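A.B. asks: Provided herewith: model_4.tsv, TSV, C-alpha atoms.
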chain	number	residue	atom	x	y	z
A	7	GLU	CA	-52.59	-66.84	-49.18
A	8	ALA	CA	-49.98	-69.59	-49.22
A	9	GLY	CA	-50.88	-72.66	-47.18
A	10	VAL	CA	-48.82	-74.84	-44.88
A	11	ALA	CA	-45.96	-76.30	-46.88
A	12	GLN	CA	-44.47	-79.68	-46.11
A	13	SER	CA	-41.68	-81.63	-47.73
A	14	PRO	CA	-41.00	-84.18	-48.89
A	15	ARG	CA	-44.41	-85.58	-49.89
A	16	TYR	CA	-43.16	-89.15	-49.83
A	17	LYS	CA	-40.18	-90.88	-48.28
A	18	ILE	CA	-39.13	-94.52	-48.22
A	19	ILE	CA	-36.29	-95.54	-45.92
A	20	GLU	CA	-34.91	-98.70	-44.41
A	21	LYS	CA	-35.32	-99.37	-40.70
A	22	ARG	CA	-32.57	-97.90	-38.55
A	23	GLN	CA	-32.01	-95.08	-41.03
A	24	SER	CA	-32.68	-91.45	-40.19
A	25	VAL	CA	-35.20	-89.14	-41.80
A	26	ALA	CA	-36.21	-85.50	-41.48
A	27	PHE	CA	-39.39	-83.70	-42.44
A	28	TRP	CA	-39.80	-79.99	-42.97
A	29	CYS	CA	-42.79	-77.73	-42.40
A	30	ASN	CA	-43.27	-74.07	-43.23
A	31	PRO	CA	-46.43	-72.73	-41.58
A	32	ILE	CA	-48.61	-69.91	-42.81
A	33	SER	CA	-46.86	-66.60	-42.33
A	34	GLY	CA	-47.57	-65.11	-38.93
A	35	HIS	CA	-48.91	-68.29	-37.38
A	36	ALA	CA	-47.48	-68.65	-33.90
A	37	THR	CA	-48.70	-72.17	-33.20
A	38	LEU	CA	-47.33	-75.17	-35.07
A	39	TYR	CA	-48.32	-78.81	-34.61
A	40	TRP	CA	-46.79	-82.08	-35.78
A	41	TYR	CA	-49.05	-85.13	-35.98
A	42	GLN	CA	-48.52	-88.78	-36.77
A	43	GLN	CA	-51.35	-90.50	-38.62
A	44	ILE	CA	-51.10	-94.26	-38.88
A	45	LEU	CA	-53.23	-95.81	-41.60
A	46	GLY	CA	-56.84	-96.18	-40.46
A	47	GLN	CA	-56.43	-93.98	-37.40
A	48	GLY	CA	-56.96	-90.35	-36.56
A	49	PRO	CA	-53.92	-88.08	-36.26
A	50	LYS	CA	-52.00	-88.21	-32.98
A	51	LEU	CA	-50.29	-85.08	-31.69
A	52	LEU	CA	-46.53	-85.45	-31.45
A	53	ILE	CA	-45.53	-81.93	-30.52
A	54	GLN	CA	-47.00	-78.44	-30.35
A	55	PHE	CA	-44.93	-75.27	-30.58
A	56	GLN	CA	-45.91	-71.76	-29.61
A	57	ASN	CA	-43.40	-69.59	-31.49
A	58	ASN	CA	-40.09	-71.36	-30.78
A	59	GLY	CA	-41.16	-72.88	-27.46
A	60	VAL	CA	-42.59	-76.35	-26.88
A	61	VAL	CA	-46.13	-76.34	-25.44
A	62	ASP	CA	-46.79	-80.09	-25.46
A	63	ASP	CA	-44.50	-82.97	-26.41
A	64	SER	CA	-45.97	-85.55	-24.07
A	65	GLN	CA	-46.65	-88.06	-26.87
A	66	LEU	CA	-43.35	-87.60	-28.70
A	67	PRO	CA	-41.16	-90.73	-28.45
A	68	LYS	CA	-38.14	-88.78	-27.38
A	69	ASP	CA	-35.73	-91.69	-27.65
A	70	ARG	CA	-35.98	-91.49	-31.43
A	71	PHE	CA	-38.04	-88.44	-32.39
A	72	SER	CA	-36.94	-84.83	-32.15
A	73	ALA	CA	-38.38	-81.58	-33.41
A	74	GLU	CA	-37.24	-78.02	-33.46
A	75	ARG	CA	-38.54	-74.62	-34.46
A	76	LEU	CA	-35.47	-72.53	-33.83
A	77	LYS	CA	-36.60	-69.18	-35.21
A	78	GLY	CA	-40.27	-69.63	-34.48
A	79	VAL	CA	-41.14	-70.04	-38.15
A	80	ASP	CA	-40.43	-73.28	-39.98
A	81	SER	CA	-39.90	-76.56	-38.20
A	82	THR	CA	-38.20	-79.90	-38.71
A	83	LEU	CA	-39.19	-83.27	-37.32
A	84	LYS	CA	-36.53	-85.98	-37.22
A	85	ILE	CA	-36.66	-89.70	-36.61
A	86	GLN	CA	-33.39	-91.43	-35.73
A	87	PRO	CA	-33.31	-94.42	-36.00
A	88	ALA	CA	-36.56	-95.28	-37.75
A	89	LYS	CA	-38.59	-98.38	-36.94
A	90	LEU	CA	-41.13	-100.21	-39.07
A	91	GLU	CA	-43.97	-98.91	-36.89
A	92	ASP	CA	-43.02	-95.33	-37.76
A	93	SER	CA	-44.60	-95.83	-41.18
A	94	ALA	CA	-47.33	-93.20	-41.23
A	95	VAL	CA	-48.32	-89.83	-42.61
A	96	TYR	CA	-46.71	-86.96	-40.73
A	97	LEU	CA	-48.94	-83.90	-40.76
A	98	CYS	CA	-48.02	-80.35	-39.92
A	99	ALA	CA	-50.64	-77.77	-38.98
A	100	SER	CA	-50.50	-74.16	-37.93
A	101	SER	CA	-52.79	-71.59	-36.38
A	102	LEU	CA	-52.54	-67.91	-35.60
A	103	VAL	CA	-52.57	-68.54	-31.89
A	104	THR	CA	-53.65	-71.33	-29.60
A	105	GLY	CA	-57.28	-71.02	-28.67
A	106	LYS	CA	-60.83	-71.91	-29.41
A	107	ASP	CA	-61.57	-69.28	-32.01
A	108	THR	CA	-58.57	-69.77	-34.21
A	109	GLU	CA	-58.80	-72.04	-37.19
A	110	ALA	CA	-55.99	-74.48	-37.84
A	111	PHE	CA	-54.63	-75.11	-41.33
A	112	PHE	CA	-53.02	-78.32	-42.48
A	113	GLY	CA	-50.23	-79.28	-44.81
A	114	GLN	CA	-50.50	-82.11	-47.33
A	115	GLY	CA	-48.46	-84.38	-45.11
A	116	THR	CA	-45.36	-86.50	-45.63
A	117	ARG	CA	-46.03	-90.19	-46.20
A	118	LEU	CA	-43.21	-92.20	-44.63
A	119	THR	CA	-42.70	-95.86	-45.41
A	120	VAL	CA	-40.10	-97.74	-43.38
A	121	VAL	CA	-39.06	-101.05	-44.90
B	24	LYS	CA	-61.06	-92.65	-23.22
B	25	ASN	CA	-60.41	-90.41	-26.18
B	26	GLU	CA	-61.37	-86.78	-25.71
B	27	VAL	CA	-63.12	-86.80	-29.08
B	28	GLU	CA	-65.31	-89.73	-30.11
B	29	GLN	CA	-66.74	-90.15	-33.60
B	30	SER	CA	-69.43	-92.39	-35.03
B	31	PRO	CA	-69.85	-94.29	-37.17
B	32	GLN	CA	-66.34	-95.52	-37.98
B	33	ASN	CA	-67.41	-96.61	-41.45
B	34	LEU	CA	-70.36	-95.47	-43.51
B	35	THR	CA	-71.52	-96.57	-46.95
B	36	ALA	CA	-74.28	-94.63	-48.62
B	37	GLN	CA	-76.05	-94.58	-51.95
B	38	GLU	CA	-75.69	-91.48	-54.09
B	39	GLY	CA	-78.30	-88.91	-53.14
B	40	GLU	CA	-78.72	-90.04	-49.55
B	41	PHE	CA	-78.61	-87.69	-46.56
B	42	ILE	CA	-75.59	-88.48	-44.40
B	43	THR	CA	-74.91	-87.71	-40.75
B	44	ILE	CA	-71.63	-88.14	-38.93
B	45	ASN	CA	-71.56	-87.58	-35.18
B	46	CYS	CA	-68.91	-86.33	-32.81
B	47	SER	CA	-68.96	-86.23	-29.01
B	48	TYR	CA	-66.32	-84.46	-27.02
B	49	SER	CA	-65.22	-84.01	-23.47
B	50	VAL	CA	-65.01	-81.12	-21.06
B	51	GLY	CA	-62.37	-78.59	-21.95
B	52	ILE	CA	-63.13	-78.56	-25.64
B	53	SER	CA	-65.01	-75.43	-26.57
B	54	ALA	CA	-64.97	-75.56	-30.36
B	55	LEU	CA	-64.67	-78.14	-33.11
B	56	HIS	CA	-63.10	-78.48	-36.51
B	57	TRP	CA	-64.71	-80.71	-39.11
B	58	LEU	CA	-62.05	-81.89	-41.53
B	59	GLN	CA	-62.02	-83.86	-44.76
B	60	GLN	CA	-59.20	-86.13	-45.87
B	61	HIS	CA	-59.16	-87.74	-49.31
B	62	PRO	CA	-57.02	-90.84	-49.87
B	63	GLY	CA	-53.44	-89.74	-50.46
B	64	GLY	CA	-54.41	-86.16	-49.86
B	65	GLY	CA	-53.91	-83.68	-47.13
B	66	ILE	CA	-56.47	-82.56	-44.60
B	67	VAL	CA	-58.85	-79.80	-45.56
B	68	SER	CA	-60.77	-77.82	-42.98
B	69	LEU	CA	-64.51	-77.80	-43.69
B	70	PHE	CA	-65.81	-75.91	-40.69
B	71	MET	CA	-64.77	-74.56	-37.36
B	72	LEU	CA	-67.63	-73.85	-34.99
B	73	SER	CA	-68.18	-73.11	-31.35
B	74	SER	CA	-71.95	-72.61	-31.41
B	75	GLY	CA	-75.01	-73.02	-33.60
B	76	LYS	CA	-74.83	-74.10	-37.19
B	77	LYS	CA	-72.78	-73.47	-40.31
B	78	LYS	CA	-73.59	-74.32	-43.90
B	79	HIS	CA	-71.42	-74.49	-46.97
B	80	GLY	CA	-72.97	-75.89	-50.12
B	81	ARG	CA	-74.28	-79.36	-49.34
B	82	LEU	CA	-72.47	-79.54	-46.02
B	83	ILE	CA	-74.04	-78.51	-42.72
B	84	ALA	CA	-72.36	-78.62	-39.32
B	85	THR	CA	-74.14	-78.18	-36.02
B	86	ILE	CA	-72.88	-78.07	-32.48
B	87	ASN	CA	-74.66	-78.34	-29.13
B	88	ILE	CA	-72.41	-76.97	-26.43
B	89	GLN	CA	-74.53	-78.21	-23.52
B	90	GLU	CA	-74.60	-81.76	-24.82
B	91	LYS	CA	-70.97	-81.62	-26.07
B	92	HIS	CA	-72.06	-83.00	-29.41
B	93	SER	CA	-71.61	-82.00	-33.01
B	94	SER	CA	-72.90	-83.39	-36.28
B	95	LEU	CA	-71.80	-83.07	-39.87
B	96	HIS	CA	-74.54	-83.54	-42.46
B	97	ILE	CA	-74.12	-84.04	-46.18
B	98	THR	CA	-77.22	-83.52	-48.29
B	99	ALA	CA	-77.66	-85.15	-51.71
B	100	SER	CA	-74.45	-87.14	-51.28
B	101	HIS	CA	-72.23	-87.79	-54.27
B	102	PRO	CA	-69.40	-90.28	-54.90
B	103	ARG	CA	-66.90	-87.41	-54.78
B	104	ASP	CA	-67.86	-86.94	-51.12
B	105	SER	CA	-66.11	-90.25	-50.40
B	106	ALA	CA	-63.36	-89.41	-47.94
B	107	VAL	CA	-62.42	-89.64	-44.29
B	108	TYR	CA	-64.21	-87.07	-42.16
B	109	ILE	CA	-62.54	-86.13	-38.90
B	110	CYS	CA	-63.68	-83.95	-36.05
B	111	ALA	CA	-61.02	-82.24	-34.00
B	112	GLY	CA	-61.50	-80.43	-30.72
B	113	ARG	CA	-60.13	-77.02	-29.90
B	114	ASN	CA	-58.42	-75.55	-27.62
B	115	LYS	CA	-55.76	-78.18	-28.01
B	116	LEU	CA	-56.17	-79.70	-31.46
B	117	VAL	CA	-57.34	-83.21	-30.50
B	118	PHE	CA	-58.58	-85.51	-33.26
B	119	GLY	CA	-61.29	-88.12	-33.42
B	120	ALA	CA	-60.48	-91.40	-35.16
B	121	GLY	CA	-62.32	-90.40	-38.31
B	122	THR	CA	-65.31	-91.71	-40.25
B	123	ILE	CA	-64.61	-93.43	-43.55
B	124	LEU	CA	-67.41	-92.46	-45.92
B	125	ARG	CA	-68.03	-94.24	-49.19
B	126	VAL	CA	-70.79	-92.99	-51.45
B	127	LYS	CA	-71.77	-95.44	-54.17
B	128	SER	CA	-73.26	-94.37	-57.47
Take the structure in this file and express it as C-alpha coordinates.
C.D. replies:
Amino acid sequence: EAGVAQSPRYKIIEKRQSVAFWCNPISGHATLYWYQQILGQGPKLLIQFQNNGVVDDSQLPKDRFSAERLKGVDSTLKIQPAKLEDSAVYLCASSLVTGKDTEAFFGQGTRLTVV
Amino acid sequence: KNEVEQSPQNLTAQEGEFITINCSYSVGISALHWLQQHPGGGIVSLFMLSSGKKKHGRLIATINIQEKHSSLHITASHPRDSAVYICAGRNKLVFGAGTILRVKS
(Lines of atoms letter the chains of each structure in order from A and count residues from 1; the text may use other names and numbers.)
(Lines give C-alpha, C1' and ligand atoms only; values in the text may rest on other atoms or scores of the structure.)
Protein backbone atom coordinates (compact mmCIF):
# COMPACT_ATOMS: atom_id res chain seq x y z
CA GLU A 1 0.00 0.00 0.00
CA ALA A 2 1.40 3.38 -0.98
CA GLY A 3 1.94 5.78 1.91
CA VAL A 4 1.28 9.48 2.28
CA ALA A 5 3.30 11.30 -0.36
CA GLN A 6 4.64 14.78 0.17
CA SER A 7 6.69 17.06 -2.03
CA PRO A 8 9.09 18.65 -2.12
CA ARG A 9 11.25 17.08 0.61
CA TYR A 10 13.29 20.23 1.06
CA LYS A 11 12.78 23.87 0.16
CA ILE A 12 14.89 26.95 0.79
CA ILE A 13 13.38 30.35 0.08
CA GLU A 14 14.03 33.95 0.97
CA LYS A 15 11.72 35.78 3.35
CA ARG A 16 8.75 37.41 1.67
CA GLN A 17 8.75 34.78 -1.08
CA SER A 18 5.90 32.34 -1.58
CA VAL A 19 6.02 28.57 -1.29
CA ALA A 20 3.61 25.68 -1.77
CA PHE A 21 3.67 22.14 -0.46
CA TRP A 22 1.76 19.19 -1.84
CA CYS A 23 0.34 16.14 -0.11
CA ASN A 24 -1.28 13.05 -1.58
CA PRO A 25 -2.91 10.98 1.17
CA ILE A 26 -3.45 7.24 1.18
CA SER A 27 -6.18 6.31 -1.25
CA GLY A 28 -9.60 6.38 0.36
CA HIS A 29 -8.55 8.37 3.40
CA ALA A 30 -11.17 11.01 4.11
CA THR A 31 -9.27 12.91 6.78
CA LEU A 32 -6.15 14.91 5.98
CA TYR A 33 -4.04 16.94 8.41
CA TRP A 34 -1.30 19.52 7.93
CA TYR A 35 1.13 20.09 10.79
CA GLN A 36 3.97 22.49 11.42
CA GLN A 37 6.89 21.10 13.42
CA ILE A 38 9.44 23.64 14.57
CA LEU A 39 12.80 22.18 15.54
CA GLY A 40 12.71 20.75 19.05
CA GLN A 41 8.93 20.88 19.35
CA GLY A 42 6.07 18.52 18.74
CA PRO A 43 3.94 18.98 15.62
CA LYS A 44 1.26 21.67 15.76
CA LEU A 45 -1.97 21.19 13.82
CA LEU A 46 -2.47 23.82 11.14
CA ILE A 47 -5.56 22.49 9.43
CA GLN A 48 -7.70 19.36 9.29
CA PHE A 49 -9.85 18.41 6.32
CA GLN A 50 -12.67 15.91 6.17
CA ASN A 51 -13.00 15.16 2.45
CA ASN A 52 -12.91 18.65 0.90
CA GLY A 53 -14.29 20.47 3.94
CA VAL A 54 -12.31 22.16 6.70
CA VAL A 55 -12.87 20.65 10.16
CA ASP A 56 -10.38 22.73 12.14
CA ASP A 57 -8.17 25.61 11.02
CA SER A 58 -8.08 27.46 14.32
CA GLN A 59 -4.26 27.49 14.47
CA LEU A 60 -3.67 28.38 10.82
CA PRO A 61 -2.18 31.89 10.46
CA LYS A 62 -4.69 32.89 7.85
CA ASP A 63 -2.99 36.16 6.97
CA ARG A 64 -0.22 34.21 5.26
CA PHE A 65 -1.12 30.52 5.22
CA SER A 66 -3.77 28.90 3.05
CA ALA A 67 -4.67 25.32 2.30
CA GLU A 68 -7.07 23.61 -0.01
CA ARG A 69 -8.28 20.13 -0.82
CA LEU A 70 -10.55 20.88 -3.73
CA LYS A 71 -11.46 17.36 -4.83
CA GLY A 72 -11.18 15.76 -1.43
CA VAL A 73 -8.02 13.90 -2.36
CA ASP A 74 -4.67 15.67 -2.53
CA SER A 75 -4.01 18.95 -0.80
CA THR A 76 -1.75 21.97 -1.07
CA LEU A 77 -0.51 24.23 1.70
CA LYS A 78 0.74 27.68 0.73
CA ILE A 79 2.67 30.34 2.58
CA GLN A 80 2.61 33.85 1.13
CA PRO A 81 4.71 35.76 2.11
CA ALA A 82 7.07 33.60 4.15
CA LYS A 83 8.73 34.79 7.34
CA LEU A 84 11.88 33.53 9.01
CA GLU A 85 9.83 31.91 11.78
CA ASP A 86 8.07 29.73 9.22
CA SER A 87 11.21 27.60 8.99
CA ALA A 88 9.98 24.18 10.07
CA VAL A 89 9.03 20.74 8.85
CA TYR A 90 5.54 20.63 7.38
CA LEU A 91 3.95 17.23 7.91
CA CYS A 92 0.91 15.81 6.20
CA ALA A 93 -1.05 12.92 7.70
CA SER A 94 -4.16 11.07 6.68
CA SER A 95 -6.63 8.66 8.22
CA LEU A 96 -9.60 6.70 6.95
CA VAL A 97 -12.00 8.74 9.03
CA THR A 98 -11.79 10.94 12.07
CA GLY A 99 -12.16 8.96 15.23
CA LYS A 100 -10.50 7.07 18.00
CA ASP A 101 -10.10 3.74 16.30
CA THR A 102 -8.57 4.91 13.07
CA GLU A 103 -4.84 4.97 12.70
CA ALA A 104 -3.21 8.00 11.15
CA PHE A 105 -0.37 7.71 8.64
CA PHE A 106 2.31 10.31 8.08
CA GLY A 107 4.27 11.61 5.15
CA GLN A 108 8.01 12.22 5.25
CA GLY A 109 7.47 15.93 5.62
CA THR A 110 8.75 18.99 3.78
CA ARG A 111 11.63 20.78 5.47
CA LEU A 112 11.30 24.52 4.81
CA THR A 113 14.15 26.91 5.47
CA VAL A 114 13.42 30.62 5.16
CA VAL A 115 16.52 32.78 4.90
CA LYS B 1 -1.96 23.43 29.31
CA ASN B 2 -1.24 21.03 26.49
CA GLU B 3 -3.77 18.25 26.05
CA VAL B 4 -0.94 15.72 25.80
CA GLU B 5 2.04 15.89 28.16
CA GLN B 6 5.15 13.77 27.76
CA SER B 7 8.06 13.01 30.04
CA PRO B 8 10.96 13.07 30.09
CA GLN B 9 11.83 15.65 27.42
CA ASN B 10 15.31 14.21 27.01
CA LEU B 11 16.58 10.76 27.88
CA THR B 12 20.06 9.28 27.55
CA ALA B 13 20.50 5.58 28.14
CA GLN B 14 23.25 3.02 27.89
CA GLU B 15 22.85 0.24 25.36
CA GLY B 16 20.88 -2.63 26.86
CA GLU B 17 18.94 -0.56 29.37
CA PHE B 18 15.17 -0.74 29.80
CA ILE B 19 13.59 2.56 28.80
CA THR B 20 10.23 4.07 29.73
CA ILE B 21 8.63 7.14 28.21
CA ASN B 22 5.43 8.45 29.75
CA CYS B 23 2.45 10.27 28.33
CA SER B 24 -0.48 11.85 30.18
CA TYR B 25 -3.51 13.14 28.38
CA SER B 26 -6.65 15.07 29.06
CA VAL B 27 -10.34 14.33 28.92
CA GLY B 28 -11.67 13.85 25.43
CA ILE B 29 -8.78 11.75 24.23
CA SER B 30 -9.79 8.12 24.03
CA ALA B 31 -6.85 6.57 22.21
CA LEU B 32 -3.17 7.26 21.66
CA HIS B 33 -0.61 6.94 18.92
CA TRP B 34 3.01 6.31 19.79
CA LEU B 35 5.20 7.63 17.01
CA GLN B 36 8.90 7.54 16.19
CA GLN B 37 10.76 10.26 14.34
CA HIS B 38 14.38 9.85 13.28
CA PRO B 39 16.46 12.96 12.55
CA GLY B 40 15.68 14.13 9.03
CA GLY B 41 13.08 11.43 8.67
CA GLY B 42 9.37 11.29 8.63
CA ILE B 43 7.12 10.11 11.42
CA VAL B 44 6.44 6.41 11.73
CA SER B 45 3.52 5.07 13.71
CA LEU B 46 4.61 2.48 16.29
CA PHE B 47 1.32 1.76 18.02
CA MET B 48 -2.21 2.95 18.28
CA LEU B 49 -4.04 1.79 21.38
CA SER B 50 -7.18 2.57 23.28
CA SER B 51 -6.89 -0.07 26.01
CA GLY B 52 -4.51 -2.61 27.50
CA LYS B 53 -1.13 -3.36 26.06
CA LYS B 54 0.52 -3.91 22.70
CA LYS B 55 3.89 -5.42 21.93
CA HIS B 56 6.01 -5.34 18.80
CA GLY B 57 9.52 -6.73 19.04
CA ARG B 58 11.33 -4.88 21.80
CA LEU B 59 8.66 -2.20 22.06
CA ILE B 60 5.74 -2.39 24.48
CA ALA B 61 2.99 0.20 24.86
CA THR B 62 0.47 0.28 27.68
CA ILE B 63 -2.46 2.53 28.37
CA ASN B 64 -4.56 3.10 31.49
CA ILE B 65 -7.81 4.74 30.48
CA GLN B 66 -8.91 5.56 34.04
CA GLU B 67 -5.65 7.31 34.86
CA LYS B 68 -5.34 8.85 31.36
CA HIS B 69 -1.77 7.65 31.14
CA SER B 70 0.25 5.67 28.65
CA SER B 71 3.80 4.38 28.62
CA LEU B 72 6.16 3.25 25.90
CA HIS B 73 8.82 0.77 26.97
CA ILE B 74 11.89 -0.28 25.05
CA THR B 75 13.61 -3.42 26.24
CA ALA B 76 17.31 -4.11 25.57
CA SER B 77 17.77 -0.66 24.05
CA HIS B 78 20.12 -0.20 21.12
CA PRO B 79 21.76 2.88 19.58
CA ARG B 80 19.47 2.54 16.56
CA ASP B 81 16.54 3.26 18.89
CA SER B 82 17.85 6.83 19.17
CA ALA B 83 15.03 9.03 17.88
CA VAL B 84 12.28 11.35 19.00
CA TYR B 85 9.29 9.49 20.43
CA ILE B 86 5.98 11.31 20.33
CA CYS B 87 2.60 10.42 21.75
CA ALA B 88 -0.43 11.80 19.99
CA GLY B 89 -3.99 11.76 21.23
CA ARG B 90 -6.99 10.67 19.23
CA ASN B 91 -9.90 11.73 18.41
CA LYS B 92 -8.33 14.92 17.17
CA LEU B 93 -4.69 14.17 16.42
CA VAL B 94 -3.00 16.21 19.17
CA PHE B 95 0.73 15.77 19.71
CA GLY B 96 2.91 15.80 22.78
CA ALA B 97 6.20 17.70 22.59
CA GLY B 98 8.22 14.54 22.12
CA THR B 99 10.97 12.75 24.04
CA ILE B 100 14.46 12.87 22.56
CA LEU B 101 16.05 9.49 23.23
CA ARG B 102 19.75 8.85 22.82
CA VAL B 103 21.08 5.36 23.40
CA LYS B 104 24.85 5.20 23.81
CA SER B 105 26.88 2.14 22.96
A.B. asks: Please, what distance in Å, to one decimal, runs between atom CA of A:Phe71 and atom CA of A:Gln42?
C.D. replies: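 That distance, rounded to one decimal, is 11.4 Å.
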A.B. asks: Using all atoms listed in the file, find the residues of chain A whose closest atom to chain B is at most 10 Å away, then write them as JSON, numbers by chain.
C.D. replies: {"A": [15, 39, 41, 43, 46, 47, 48, 49, 50, 51, 54, 62, 95, 97, 98, 99, 104, 105, 106, 107, 108, 109, 110, 111, 112, 113, 114, 115, 116, 117]}
A.B. asks: Record the distance separating atom CA of A:Ile44 and atom CA of B:Ser49, expressed in Å with one decimal.
C.D. replies: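 Separating atom CA of A:Ile44 from atom CA of B:Ser49 is a distance of 23.3 Å.
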A.B. asks: A:Ser100, A:Ser93, A:Thr119, A:Asn57: which is nearest A:Lys77, counting only C-alpha atoms?
C.D. replies: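 Closest to A:Lys77 of all the choices is A:Asn57.
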A.B. asks: Counting only C-alpha atoms, which of B:Cys46, B:Gly39, B:Leu95, B:Pro31 gets nearest to B:Lys78?
C.D. replies: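 For B:Lys78, the nearest of the candidates is B:Leu95.
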